$ cat input_8.cif   # mmCIF, C-alpha atoms
data_data
loop_
_atom_site.label_atom_id
_atom_site.label_comp_id
_atom_site.auth_asym_id
_atom_site.auth_seq_id
_atom_site.Cartn_x
_atom_site.Cartn_y
_atom_site.Cartn_z
CA MET V 1 18.91 18.71 23.92
CA LYS V 2 20.34 15.25 24.36
CA ILE V 3 18.36 12.40 22.79
CA ALA V 4 18.91 8.75 23.77
CA PHE V 5 17.80 5.79 21.65
CA THR V 6 17.70 2.05 22.31
CA SER V 7 19.66 0.79 19.31
CA SER V 8 20.55 -2.56 17.79
CA GLY V 9 23.69 -1.17 16.13
CA LYS V 10 26.16 1.69 16.06
CA THR V 11 25.13 3.95 13.14
CA TRP V 12 22.29 6.33 12.21
CA ASP V 13 20.98 3.54 9.97
CA SER V 14 20.79 0.96 12.76
CA ILE V 15 17.33 -0.24 13.68
CA ILE V 16 15.81 0.82 17.00
CA ASP V 17 16.15 -2.03 19.49
CA PRO V 18 12.53 -2.66 20.53
CA ARG V 19 13.66 -3.93 23.93
CA PHE V 20 14.36 -1.48 26.70
CA GLY V 21 16.22 -3.43 29.39
CA ARG V 22 18.05 -5.72 26.99
CA THR V 23 18.83 -3.19 24.29
CA GLU V 24 22.19 -3.92 22.59
CA TYR V 25 23.35 -0.29 22.60
CA ILE V 26 22.25 3.04 23.93
CA ALA V 27 22.74 5.79 21.33
CA LEU V 28 23.14 9.36 22.56
CA TYR V 29 22.69 12.26 20.14
CA ASN V 30 23.70 15.74 21.23
CA GLU V 31 21.76 18.24 19.13
CA GLU V 32 24.08 21.12 20.02
CA ASN V 33 27.28 19.72 18.57
CA GLU V 34 25.53 17.09 16.39
CA GLU V 35 27.60 14.29 17.89
CA LEU V 36 26.26 10.72 17.99
CA ASN V 37 27.80 8.35 20.54
CA PHE V 38 27.05 4.76 21.49
CA VAL V 39 27.21 2.98 24.85
CA ASP V 40 27.55 -0.80 24.83
CA ASN V 41 24.79 -2.45 26.90
CA THR V 42 25.60 -6.08 26.10
CA SER V 43 26.74 -6.70 29.70
CA VAL V 44 23.10 -7.22 30.75
CA LYS V 45 22.99 -10.39 28.61
CA ASN V 46 24.29 -12.43 31.53
CA ASP V 47 21.65 -11.14 33.94
CA ALA V 48 18.63 -13.37 34.41
CA HIS V 49 16.75 -10.59 36.20
CA GLY V 50 17.12 -6.86 36.67
CA ALA V 51 18.13 -5.91 33.11
CA GLY V 52 15.49 -3.17 33.14
CA THR V 53 16.74 -1.47 36.28
CA ALA V 54 20.39 -1.85 35.20
CA THR V 55 19.66 -0.16 31.86
CA ALA V 56 17.52 2.49 33.54
CA GLN V 57 20.48 3.41 35.73
CA LYS V 58 22.85 3.48 32.75
CA ILE V 59 20.52 5.76 30.78
CA PHE V 60 20.02 7.98 33.81
CA GLU V 61 23.78 8.47 34.09
CA LEU V 62 23.91 9.74 30.49
CA LYS V 63 21.39 12.44 31.49
CA PRO V 64 19.43 12.65 28.25
CA ASP V 65 16.40 14.95 27.94
CA VAL V 66 14.53 12.50 25.74
CA LEU V 67 14.52 8.72 25.25
CA ILE V 68 13.24 7.10 22.07
CA THR V 69 12.55 3.38 22.21
CA GLY V 70 10.37 0.59 20.82
CA ASN V 71 8.17 -1.49 23.08
CA GLY V 72 8.68 0.82 26.04
CA PRO V 73 10.16 0.08 29.45
CA GLY V 74 8.56 -2.61 31.61
CA GLU V 75 6.81 -1.93 34.87
CA THR V 76 9.92 -2.04 37.04
CA ALA V 77 12.00 0.18 34.77
CA THR V 78 9.10 2.64 34.49
CA THR V 79 9.00 2.90 38.28
CA ALA V 80 12.73 3.60 38.24
CA LEU V 81 12.43 6.22 35.51
CA LYS V 82 9.69 8.10 37.38
CA HIS V 83 12.50 9.66 39.36
CA VAL V 84 14.00 11.10 36.20
CA LYS V 85 12.92 14.25 34.40
CA MET V 86 13.28 12.59 31.02
CA LYS V 87 10.58 12.37 28.36
CA ILE V 88 10.10 8.89 26.93
CA TYR V 89 8.75 8.35 23.41
CA PHE V 90 8.07 4.82 22.18
CA LYS V 91 6.64 2.69 19.36
CA ALA V 92 9.61 3.47 17.14
CA ASN V 93 9.79 -0.27 16.29
CA ASP V 94 11.36 -1.17 12.93
CA MET V 95 12.61 2.38 12.30
CA THR V 96 16.24 3.36 11.84
CA LEU V 97 17.61 5.84 14.38
CA LYS V 98 17.41 8.53 11.69
CA GLN V 99 13.76 7.77 10.87
CA ALA V 100 12.87 7.57 14.57
CA TYR V 101 14.54 10.95 15.19
CA GLU V 102 12.58 12.54 12.32
CA GLU V 103 9.30 10.99 13.49
CA TYR V 104 9.99 12.33 16.98
CA LYS V 105 10.75 15.81 15.57
CA ASN V 106 7.48 15.72 13.62
CA GLY V 107 5.57 14.78 16.75
CA ASN V 108 4.54 11.36 15.45
CA LEU V 109 5.78 9.22 18.36
CA PRO V 110 3.55 8.68 21.40
CA GLU V 111 4.91 9.74 24.78
CA ILE V 112 4.85 7.61 27.94
CA LYS V 113 3.51 9.67 30.80
CA MET W 1 21.61 -50.56 62.89
CA ILE W 2 18.47 -48.52 62.63
CA ASP W 3 18.45 -45.68 60.14
CA HIS W 4 16.51 -42.72 61.52
CA ARG W 5 16.97 -40.46 58.53
CA PRO W 6 13.75 -39.88 56.59
CA LEU W 7 13.49 -41.06 53.01
CA LYS W 8 13.12 -37.95 50.87
CA ILE W 9 11.68 -38.44 47.40
CA ALA W 10 11.45 -35.60 44.85
CA VAL W 11 8.99 -35.67 41.95
CA ALA W 12 10.27 -33.52 39.09
CA SER W 13 9.85 -33.48 35.33
CA GLY W 14 11.56 -30.96 33.12
CA LYS W 15 8.47 -30.51 30.96
CA GLY W 16 5.38 -29.11 32.64
CA GLY W 17 2.07 -30.93 32.56
CA THR W 18 3.49 -34.44 32.47
CA GLY W 19 1.84 -35.62 35.70
CA LYS W 20 4.02 -34.62 38.65
CA THR W 21 1.04 -33.67 40.75
CA MET W 22 -0.86 -36.84 39.85
CA VAL W 23 2.13 -39.02 40.77
CA SER W 24 2.99 -37.05 43.95
CA THR W 25 -0.51 -36.93 45.43
CA ASN W 26 -1.39 -40.53 44.59
CA LEU W 27 1.97 -41.87 45.73
CA ALA W 28 1.78 -39.98 49.03
CA ALA W 29 -1.83 -40.95 49.75
CA LEU W 30 -1.18 -44.61 48.92
CA ARG W 31 1.98 -44.75 50.99
CA SER W 32 0.18 -43.08 53.95
CA GLN W 33 -1.98 -46.22 54.25
CA SER W 34 1.06 -48.04 55.63
CA GLY W 35 2.59 -45.29 57.80
CA SER W 36 2.79 -41.58 58.43
CA THR W 37 3.79 -39.75 55.28
CA LEU W 38 4.58 -36.14 54.50
CA LEU W 39 3.69 -34.56 51.15
CA VAL W 40 5.15 -31.13 50.38
CA ASP W 41 4.01 -29.06 47.40
CA LEU W 42 7.08 -27.04 46.37
CA ASP W 43 5.64 -25.84 43.08
CA VAL W 44 5.36 -22.48 44.83
CA GLU W 45 4.34 -20.46 41.79
CA GLU W 46 1.27 -22.57 41.13
CA PRO W 47 0.71 -25.14 43.88
CA ASN W 48 -2.29 -27.40 43.26
CA ASP W 49 -1.73 -30.60 45.26
CA PHE W 50 -4.25 -29.28 47.81
CA LEU W 51 -7.06 -29.95 45.32
CA PHE W 52 -6.48 -33.68 45.75
CA ILE W 53 -5.80 -33.83 49.47
CA PRO W 54 -8.88 -34.03 51.68
CA GLY W 55 -8.71 -33.02 55.30
CA GLU W 56 -8.73 -29.96 57.48
CA LEU W 57 -6.56 -26.92 57.03
CA VAL W 58 -4.88 -26.79 60.41
CA HIS W 59 -2.37 -23.99 60.08
CA VAL W 60 -1.21 -21.19 57.78
CA SER W 61 2.01 -19.30 58.44
CA ASP W 62 3.32 -16.21 56.67
CA GLN W 63 6.83 -16.53 55.31
CA PHE W 64 9.18 -13.58 55.12
CA LYS W 65 12.40 -12.67 53.40
CA MET W 66 14.67 -9.83 54.42
CA ILE W 67 14.97 -6.85 52.10
CA PRO W 68 16.64 -3.45 52.52
CA ASP W 69 14.75 -0.22 53.17
CA TRP W 70 16.44 3.00 52.16
CA ASP W 71 16.98 5.54 54.92
CA GLN W 72 17.25 8.82 53.05
CA ASN W 73 18.41 10.77 56.11
CA ARG W 74 21.47 8.60 56.69
CA CYS W 75 22.44 8.10 53.05
CA THR W 76 25.52 9.90 51.72
CA LEU W 77 24.85 8.81 48.10
CA CYS W 78 28.23 7.06 47.86
CA GLY W 79 26.79 4.54 45.38
CA ILE W 80 28.35 1.40 46.90
CA CYS W 81 24.95 -0.30 47.27
CA SER W 82 24.07 -0.11 43.59
CA LYS W 83 27.56 -1.32 42.61
CA VAL W 84 27.48 -4.40 44.83
CA CYS W 85 23.94 -5.50 43.94
CA LYS W 86 24.42 -8.30 41.42
CA TYR W 87 20.68 -8.35 40.68
CA HIS W 88 20.24 -4.61 40.01
CA ALA W 89 17.64 -4.55 42.75
CA VAL W 90 19.21 -1.42 44.25
CA ILE W 91 19.96 1.37 41.82
CA GLN W 92 21.03 4.94 42.24
CA LEU W 93 19.20 7.57 40.25
CA GLY W 94 20.93 10.82 41.15
CA THR W 95 19.97 11.61 44.71
CA TYR W 96 17.48 8.75 44.92
CA ILE W 97 18.16 5.10 45.81
CA ALA W 98 15.49 2.81 44.39
CA VAL W 99 15.02 -0.66 45.95
CA PHE W 100 13.11 -3.23 43.89
CA LYS W 101 11.97 -5.84 46.36
CA GLU W 102 10.83 -8.33 43.72
CA LEU W 103 14.39 -8.41 42.33
CA CYS W 104 16.08 -8.62 45.74
CA HIS W 105 17.66 -11.96 46.67
CA GLY W 106 18.07 -10.91 50.32
CA CYS W 107 21.84 -11.35 50.22
CA TYR W 108 22.52 -8.42 52.62
CA ALA W 109 25.44 -7.12 50.49
CA CYS W 110 24.10 -3.56 50.15
CA SER W 111 23.04 -3.43 53.78
CA GLU W 112 26.30 -4.82 55.21
CA LEU W 113 28.58 -2.80 52.95
CA CYS W 114 26.78 0.51 53.39
CA PRO W 115 29.24 2.64 55.41
CA VAL W 116 26.48 4.61 57.16
CA GLU W 117 23.85 1.87 57.69
CA ALA W 118 21.36 3.56 55.40
CA LEU W 119 19.94 0.26 54.13
CA PRO W 120 18.68 -1.65 57.18
CA MET W 121 17.04 -4.99 56.41
CA HIS W 122 13.34 -5.48 57.09
CA PRO W 123 11.08 -8.53 56.83
CA TYR W 124 8.89 -8.66 53.75
CA LYS W 125 6.14 -11.22 53.21
CA MET W 126 6.89 -13.44 50.22
CA GLY W 127 4.44 -16.30 50.73
CA THR W 128 2.68 -18.75 53.01
CA ILE W 129 3.05 -22.33 54.16
CA SER W 130 -0.26 -24.13 54.82
CA LYS W 131 -0.75 -27.43 56.59
CA LYS W 132 -3.48 -30.01 56.14
CA ILE W 133 -3.86 -33.33 57.89
CA SER W 134 -5.73 -36.27 56.43
CA GLN W 135 -5.33 -39.38 58.62
CA ASN W 136 -1.74 -40.58 58.17
CA LEU W 137 -0.98 -38.02 55.50
CA THR W 138 0.36 -34.62 56.50
CA PHE W 139 0.44 -32.11 53.70
CA LEU W 140 2.35 -28.84 53.44
CA GLU W 141 1.75 -26.33 50.71
CA SER W 142 4.32 -23.65 49.99
CA ARG W 143 2.80 -20.74 48.08
CA LEU W 144 4.45 -17.60 46.73
CA GLU W 145 2.62 -14.25 46.89
CA ILE W 146 1.27 -13.02 43.57
CA GLY W 147 3.84 -10.86 41.79
CA GLU W 148 6.83 -12.34 43.63
CA GLU W 149 9.66 -13.35 41.33
CA GLN W 150 11.93 -15.25 43.69
CA ALA W 151 10.82 -18.84 44.29
CA VAL W 152 14.13 -20.07 45.73
CA PRO W 153 14.08 -18.37 49.17
CA LEU W 154 10.62 -19.76 49.91
CA ILE W 155 11.61 -23.26 48.76
CA HIS W 156 14.68 -23.15 51.02
CA GLN W 157 12.56 -21.99 53.96
CA THR W 158 10.11 -24.83 53.38
CA HIS W 159 12.91 -27.43 53.35
CA ASN W 160 14.29 -25.95 56.57
CA LEU W 161 10.87 -26.09 58.20
CA VAL W 162 10.49 -29.75 57.18
CA ASP W 163 13.90 -30.63 58.63
CA LYS W 164 13.11 -28.81 61.86
CA ASN W 165 9.53 -29.88 62.53
CA TYR W 166 8.79 -32.97 60.45
CA ALA W 167 11.91 -35.11 60.82
CA ASP W 168 9.84 -37.90 62.40
CA PHE W 169 8.05 -38.48 59.10
CA LYS W 170 10.01 -41.40 57.70
CA VAL W 171 8.72 -40.85 54.17
CA GLN W 172 8.69 -37.36 52.67
CA ILE W 173 7.54 -36.66 49.13
CA PHE W 174 8.30 -33.32 47.47
CA ASP W 175 6.31 -32.20 44.43
CA CYS W 176 8.77 -29.95 42.56
CA PRO W 177 8.31 -27.10 40.06
CA PRO W 178 8.73 -27.91 36.35
CA GLY W 179 11.81 -26.88 34.38
CA THR W 180 15.50 -27.22 35.20
CA SER W 181 16.31 -23.82 36.66
CA CYS W 182 17.07 -22.56 40.19
CA PRO W 183 13.68 -23.43 41.79
CA VAL W 184 14.03 -27.10 40.77
CA VAL W 185 17.62 -27.23 41.96
CA ALA W 186 16.47 -25.79 45.30
CA ALA W 187 13.53 -28.19 45.50
CA VAL W 188 15.53 -31.41 44.98
CA LYS W 189 18.26 -30.31 47.40
CA ASP W 190 18.87 -32.94 50.10
CA THR W 191 16.43 -35.41 48.56
CA ASP W 192 17.58 -39.02 48.20
CA PHE W 193 15.91 -39.90 44.92
CA VAL W 194 14.32 -38.00 42.05
CA ILE W 195 11.36 -39.40 40.13
CA LEU W 196 11.26 -37.80 36.68
CA VAL W 197 7.75 -37.92 35.24
CA THR W 198 7.68 -37.65 31.47
CA GLU W 199 5.46 -38.40 28.49
CA PRO W 200 6.40 -40.39 25.37
CA THR W 201 6.47 -37.38 23.02
CA PRO W 202 9.32 -35.39 21.43
CA PHE W 203 8.65 -32.54 23.90
CA GLY W 204 8.67 -34.95 26.81
CA LEU W 205 11.95 -36.49 25.67
CA ASN W 206 13.67 -33.17 25.01
CA ASP W 207 12.90 -31.86 28.49
CA LEU W 208 13.59 -35.24 30.11
CA LYS W 209 17.14 -35.10 28.74
CA LEU W 210 17.62 -31.64 30.25
CA ALA W 211 16.24 -32.86 33.58
CA VAL W 212 18.48 -35.96 33.56
CA GLU W 213 21.55 -33.81 32.86
CA THR W 214 20.60 -31.45 35.68
CA MET W 215 20.09 -34.28 38.18
CA ARG W 216 23.37 -35.94 37.16
CA LYS W 217 25.21 -32.68 37.83
CA LEU W 218 23.59 -32.63 41.25
CA GLY W 219 24.53 -36.28 41.82
CA LYS W 220 20.93 -37.43 42.32
CA PRO W 221 19.81 -40.98 41.54
CA VAL W 222 16.87 -40.83 39.15
CA GLY W 223 14.13 -43.08 37.81
CA VAL W 224 11.68 -42.31 35.05
CA VAL W 225 7.90 -42.66 35.11
CA ILE W 226 6.35 -42.61 31.65
CA ASN W 227 2.89 -41.14 31.96
CA ARG W 228 0.24 -41.27 29.21
CA HIS W 229 1.97 -44.35 27.89
CA GLY W 230 0.51 -45.38 24.53
CA ILE W 231 0.61 -41.99 22.82
CA GLY W 232 3.61 -40.69 20.86
CA ASN W 233 6.52 -43.05 20.21
CA ASP W 234 9.05 -45.18 22.09
CA ASP W 235 11.98 -42.75 21.88
CA VAL W 236 11.81 -42.09 25.63
CA GLU W 237 12.21 -45.80 26.36
CA VAL W 238 15.09 -46.09 23.88
CA TYR W 239 16.79 -43.10 25.52
CA CYS W 240 16.35 -44.56 29.02
CA ARG W 241 17.80 -47.90 27.88
CA GLN W 242 20.79 -46.23 26.26
CA GLN W 243 21.43 -44.09 29.32
CA GLN W 244 20.75 -46.97 31.72
CA ILE W 245 18.05 -45.03 33.51
CA PRO W 246 15.47 -47.27 35.18
CA VAL W 247 11.89 -46.90 33.95
CA LEU W 248 9.98 -47.28 37.21
CA ALA W 249 6.51 -47.44 35.73
CA LYS W 250 4.44 -46.81 32.64
CA ILE W 251 1.07 -45.25 33.39
CA PRO W 252 -1.33 -45.75 30.50
CA PHE W 253 -3.02 -42.90 28.64
CA SER W 254 -6.42 -43.48 30.16
CA ARG W 255 -9.66 -41.54 30.01
CA GLN W 256 -10.63 -42.89 33.42
CA ILE W 257 -7.49 -41.49 35.10
CA ALA W 258 -7.98 -38.15 33.33
CA GLU W 259 -11.60 -37.91 34.47
CA LEU W 260 -10.78 -38.79 38.07
CA TYR W 261 -7.94 -36.27 38.03
CA SER W 262 -10.09 -33.49 36.62
CA ASN W 263 -12.60 -34.11 39.41
CA GLY W 264 -9.91 -33.72 42.05
CA SER W 265 -9.98 -37.41 43.00
CA LEU W 266 -7.08 -39.67 43.86
CA ALA W 267 -7.13 -42.01 40.88
CA TYR W 268 -5.27 -44.95 42.48
CA GLN W 269 -8.32 -45.67 44.65
CA GLU W 270 -10.31 -46.60 41.54
CA VAL W 271 -7.64 -47.73 39.09
CA GLY W 272 -5.95 -50.90 40.25
CA SER W 273 -3.16 -50.76 37.65
CA LEU W 274 -2.18 -47.29 38.88
CA GLU W 275 -2.05 -48.53 42.46
CA SER W 276 0.31 -51.36 41.52
CA SER W 277 2.49 -48.99 39.43
CA LEU W 278 2.83 -46.69 42.44
CA GLN W 279 3.66 -49.63 44.72
CA GLN W 280 6.33 -50.66 42.23
CA ILE W 281 7.81 -47.14 42.17
CA PHE W 282 7.90 -46.94 45.95
CA SER W 283 9.47 -50.38 46.44
CA TYR W 284 12.14 -49.64 43.85
CA ILE W 285 13.11 -46.41 45.59
CA GLN W 286 13.06 -47.96 49.05
CA ASN W 287 15.33 -50.79 47.91
CA THR W 288 17.70 -48.52 46.00
CA VAL W 289 18.14 -45.78 48.56
CA LYS W 290 18.19 -47.76 51.77
CA PRO W 291 21.06 -50.23 51.89
#
$ encode --input "input_8.cif" --output "structure tokens"
Amino acid sequence: MKIAFTSSGKTWDSIIDPRFGRTEYIALYNEENEELNFVDNTSVKNDAHGAGTATAQKIFELKPDVLITGNGPGETATTALKHVKMKIYFKANDMTLKQAYEEYKNGNLPEIK
Amino acid sequence: MIDHRPLKIAVASGKGGTGKTMVSTNLAALRSQSGSTLLVDLDVEEPNDFLFIPGELVHVSDQFKMIPDWDQNRCTLCGICSKVCKYHAVIQLGTYIAVFKELCHGCYACSELCPVEALPMHPYKMGTISKKISQNLTFLESRLEIGEEQAVPLIHQTHNLVDKNYADFKVQIFDCPPGTSCPVVAAVKDTDFVILVTEPTPFGLNDLKLAVETMRKLGKPVGVVINRHGIGNDDVEVYCRQQQIPVLAKIPFSRQIAELYSNGSLAYQEVGSLESSLQQIFSYIQNTVKP
């Protein structure tokens, strides 16, 4: 399984970025080889509109099975992500990536359906 | 030599709620007593001038912008469309191309650059323009559909319509959106003078400065109207003096004006001092703009 996170930094101890479209980084954890990688998303900073769809496309290209985020994607990004077979869990606000991953494993994060 | 070009006056503010609508509607109605006058409400996201303008609704027209529609059967999934869209309104999700019409600026890039013409452009309703006539005053209201994000295309279309069909109105007054972003820049385009309505408070001053800087960049002559004069402090006046910006009028903070306004009445008809302030504003602009 590949798990994506919206992240404010580049380590397991970074806090989940509550924002979807304007997340600073996208973290990608591959459970098979236990590798954690980060994709820089700061390029959307200069966009007045469309950050949600831009990030949705970027996450789609990483092909994760699961996304863990904070506030959840907005309406437009949710429409975009309907075309993706990815499960989205949210309300991981204020958690580190590690904590959010454990909460997800324990089934404590709500899923967006 | 006779100048046939209309005098175009914009009413803008920076800060919202300073009195743009009050100044625009009263100025237009007063001026219409001495000749045909056009008032255009360009605050397309929340137009409300119509509340103050009596008269019959004579016409409503739907306004369209062009947006792409994805033709799945033609598409080869080359991905060019999503790469060229600066607004991320067209994105590729695997074998699906998603078009977000609210984000689309109608620039045609995806449609024109698609090698197989899989994104033909189609009209999409973004708003309406309504027309009311009240004696010598003709009023146009430009209104965006609920949920639409792009104000600029509708504002441009309204200006074009005015230039095409209303050029014989020698005085045209445009009530602009608040703020200093793209919609305001579009609204003051091609106007000869910008009235900046402010209030004598720190918020009023802060946003006035932003508005002045914006208008200077655009090369527009400006004058300030201080509304609700008597509250706050005199920092706005000090700023205008330092920057050599003319203060066209000071409208007092008055319960009577507020009550008339909240009843949808044109306050100048009852408040003599407001009428003379508006006369003063109009004469200043006429003398400054027309050589």
$ closest_residue --input "input_8.cif" --among "W:Ala89, W:Val116, W:Val197, W:Cys182" --to "Ala77 (chain V)" --atoms "all atoms listed in the file"
W:Ala89
$ atom_distance --input "input_8.cif" --atom1 "CA of Gly147 (chain W)" --atom2 "CA of Lys132 (chain W)"
25.0 Å
$ interface_residues --input "input_8.cif" --of "chain V" --to "chain W" --cutoff "10 Å" --atoms "all atoms listed in the file" --output "PyMOL selection string"
chain V and resi 47-61+63+76-77+79-84
$ residues_around --input "input_8.cif" --residues "Asp163 (chain W)" --least-positions-apart "5" --cutoff "12 Å" --atoms "all atoms listed in the file" --output "VMD selection string"
chain W and resid 5 to 8 38 156 to 158 168 to 170 172 190 to 191
$ closest_residue --input "input_8.cif" --among "W:Lys101, W:Leu77, W:Ile146, W:Met215" --to "Pro115 (chain W)" --atoms "only C-alpha atoms"
W:Leu77
$ residues_near_point --input "input_8.cif" --point "(-4.7, -43.1, 34.3)" --cutoff "12 Å" --atoms "all atoms listed in the file" --output "number ranges by chain"
W: 19, 22-23, 26, 226-230, 250-262, 265-275, 277-278
$ write_last_selection --input "input_8.cif" --atoms "C-alpha atoms" --output "short mmCIF file (atom, residue, chain, number, x, y, z; two decimals), in the frame of the given file"
data_model
loop_
_atom_site.label_atom_id
_atom_site.label_comp_id
_atom_site.auth_asym_id
_atom_site.auth_seq_id
_atom_site.Cartn_x
_atom_site.Cartn_y
_atom_site.Cartn_z
CA GLY W 19 1.84 -35.62 35.70
CA MET W 22 -0.86 -36.84 39.85
CA VAL W 23 2.13 -39.02 40.77
CA ASN W 26 -1.39 -40.53 44.59
CA ILE W 226 6.35 -42.61 31.65
CA ASN W 227 2.89 -41.14 31.96
CA ARG W 228 0.24 -41.27 29.21
CA HIS W 229 1.97 -44.35 27.89
CA GLY W 230 0.51 -45.38 24.53
CA LYS W 250 4.44 -46.81 32.64
CA ILE W 251 1.07 -45.25 33.39
CA PRO W 252 -1.33 -45.75 30.50
CA PHE W 253 -3.02 -42.90 28.64
CA SER W 254 -6.42 -43.48 30.16
CA ARG W 255 -9.66 -41.54 30.01
CA GLN W 256 -10.63 -42.89 33.42
CA ILE W 257 -7.49 -41.49 35.10
CA ALA W 258 -7.98 -38.15 33.33
CA GLU W 259 -11.60 -37.91 34.47
CA LEU W 260 -10.78 -38.79 38.07
CA TYR W 261 -7.94 -36.27 38.03
CA SER W 262 -10.09 -33.49 36.62
CA SER W 265 -9.98 -37.41 43.00
CA LEU W 266 -7.08 -39.67 43.86
CA ALA W 267 -7.13 -42.01 40.88
CA TYR W 268 -5.27 -44.95 42.48
CA GLN W 269 -8.32 -45.67 44.65
CA GLU W 270 -10.31 -46.60 41.54
CA VAL W 271 -7.64 -47.73 39.09
CA GLY W 272 -5.95 -50.90 40.25
CA SER W 273 -3.16 -50.76 37.65
CA LEU W 274 -2.18 -47.29 38.88
CA GLU W 275 -2.05 -48.53 42.46
CA SER W 277 2.49 -48.99 39.43
CA LEU W 278 2.83 -46.69 42.44
#
$ atom_distance --input "input_8.cif" --atom1 "CA of Glu117 (chain W)" --atom2 "CA of Phe64 (chain W)"
21.5 Å
$ atom_distance --input "input_8.cif" --atom1 "CA of Asn33 (chain V)" --atom2 "CA of Lys2 (chain V)"
10.1 Å
$ axis_aligned_box --input "input_8.cif" --around "region 16-19 of chain W" --padding-each-side "6 Å" --output "AutoDock Vina command-line options"
--center_x 3.6 --center_y -32.4 --center_z 34.1 --size_x 15.5 --size_y 18.5 --size_z 15.2
$ residues_around --input "input_8.cif" --residues "Pro18 (chain V)" --least-positions-apart "5" --cutoff "6 Å" --atoms "only C-alpha atoms" --output "count of residues only"
3
$ residues_near_point --input "input_8.cif" --point "(6.5, -47.9, 40.6)" --cutoff "9 Å" --atoms "only C-alpha atoms" --output "count of residues only"
17
$ residues_around --input "input_8.cif" --residues "Thr42 (chain V)" --least-positions-apart "6" --cutoff "12 Å" --atoms "only C-alpha atoms" --output "list in words"
Thr6, Ser7, Ser8, Gly9, Gly21, Arg22, Thr23, Glu24, Tyr25, Ile26, Ala51, Ala54, Thr55 and Lys58 of chain V
$ closest_residue --input "input_8.cif" --among "W:Pro68, W:Lys131, W:Pro246, W:Ile173" --to "Leu30 (chain W)" --atoms "all atoms listed in the file"
W:Ile173
$ resolve_selection --input "input_8.cif" --expression "the PyMOL selection byres ((chain W and resi 43-48) around 8)" --output "list in words"
Thr21, Asp41, Leu42, Asp49, Phe50, Leu51, Phe52, Glu141, Ser142, Arg143, Leu144, Ala151, Leu154, Ile155, Asp175, Cys176, Pro177 and Pro178 of chain W
$ resolve_selection --input "input_8.cif" --expression "the PyMOL selection byres ((chain W and resi 207-209) around 7)" --output "list in words"
Ser13, Gly14, Lys15, Thr198, Phe203, Gly204, Leu205, Asn206, Leu210, Ala211, Val212 and Glu213 of chain W
$ closest_residue --input "input_8.cif" --among "V:Asn46, V:Glu111, V:Ala4, V:Asp13" --to "Ile68 (chain V)" --atoms "all atoms listed in the file"
V:Ala4
$ resolve_selection --input "input_8.cif" --expression "the PyMOL selection byres ((chain V and resi 37) around 10)" --output "ChimeraX atom specification"
/V:4,10-11,25-30,34-36,38-39
$ write_last_selection --input "input_8.cif" --atoms "C-alpha atoms" --output "compact mmCIF listing (two decimals), in the frame of the given file"
# COMPACT_ATOMS: atom_id res chain seq x y z
CA ALA V 4 18.91 8.75 23.77
CA LYS V 10 26.16 1.69 16.06
CA THR V 11 25.13 3.95 13.14
CA TYR V 25 23.35 -0.29 22.60
CA ILE V 26 22.25 3.04 23.93
CA ALA V 27 22.74 5.79 21.33
CA LEU V 28 23.14 9.36 22.56
CA TYR V 29 22.69 12.26 20.14
CA ASN V 30 23.70 15.74 21.23
CA GLU V 34 25.53 17.09 16.39
CA GLU V 35 27.60 14.29 17.89
CA LEU V 36 26.26 10.72 17.99
CA PHE V 38 27.05 4.76 21.49
CA VAL V 39 27.21 2.98 24.85
$ closest_residue --input "input_8.cif" --among "V:Phe5, V:Ile15, V:Asp40, V:Glu32" --to "Phe90 (chain V)" --atoms "all atoms listed in the file"
V:Phe5
$ residues_around --input "input_8.cif" --residues "Asp192 (chain W)" --least-positions-apart "4" --cutoff "10 Å" --atoms "all atoms listed in the file" --output "short mmCIF file (atom, residue, chain, number, x, y, z; two decimals) with C-alpha atoms, in the frame of the given file"
data_model
loop_
_atom_site.label_atom_id
_atom_site.label_comp_id
_atom_site.auth_asym_id
_atom_site.auth_seq_id
_atom_site.Cartn_x
_atom_site.Cartn_y
_atom_site.Cartn_z
CA PRO W 6 13.75 -39.88 56.59
CA LEU W 7 13.49 -41.06 53.01
CA LYS W 8 13.12 -37.95 50.87
CA ILE W 9 11.68 -38.44 47.40
CA ALA W 10 11.45 -35.60 44.85
CA VAL W 188 15.53 -31.41 44.98
CA GLY W 219 24.53 -36.28 41.82
CA LYS W 220 20.93 -37.43 42.32
CA PRO W 221 19.81 -40.98 41.54
CA VAL W 222 16.87 -40.83 39.15
CA ILE W 285 13.11 -46.41 45.59
CA THR W 288 17.70 -48.52 46.00
CA VAL W 289 18.14 -45.78 48.56
CA LYS W 290 18.19 -47.76 51.77
#
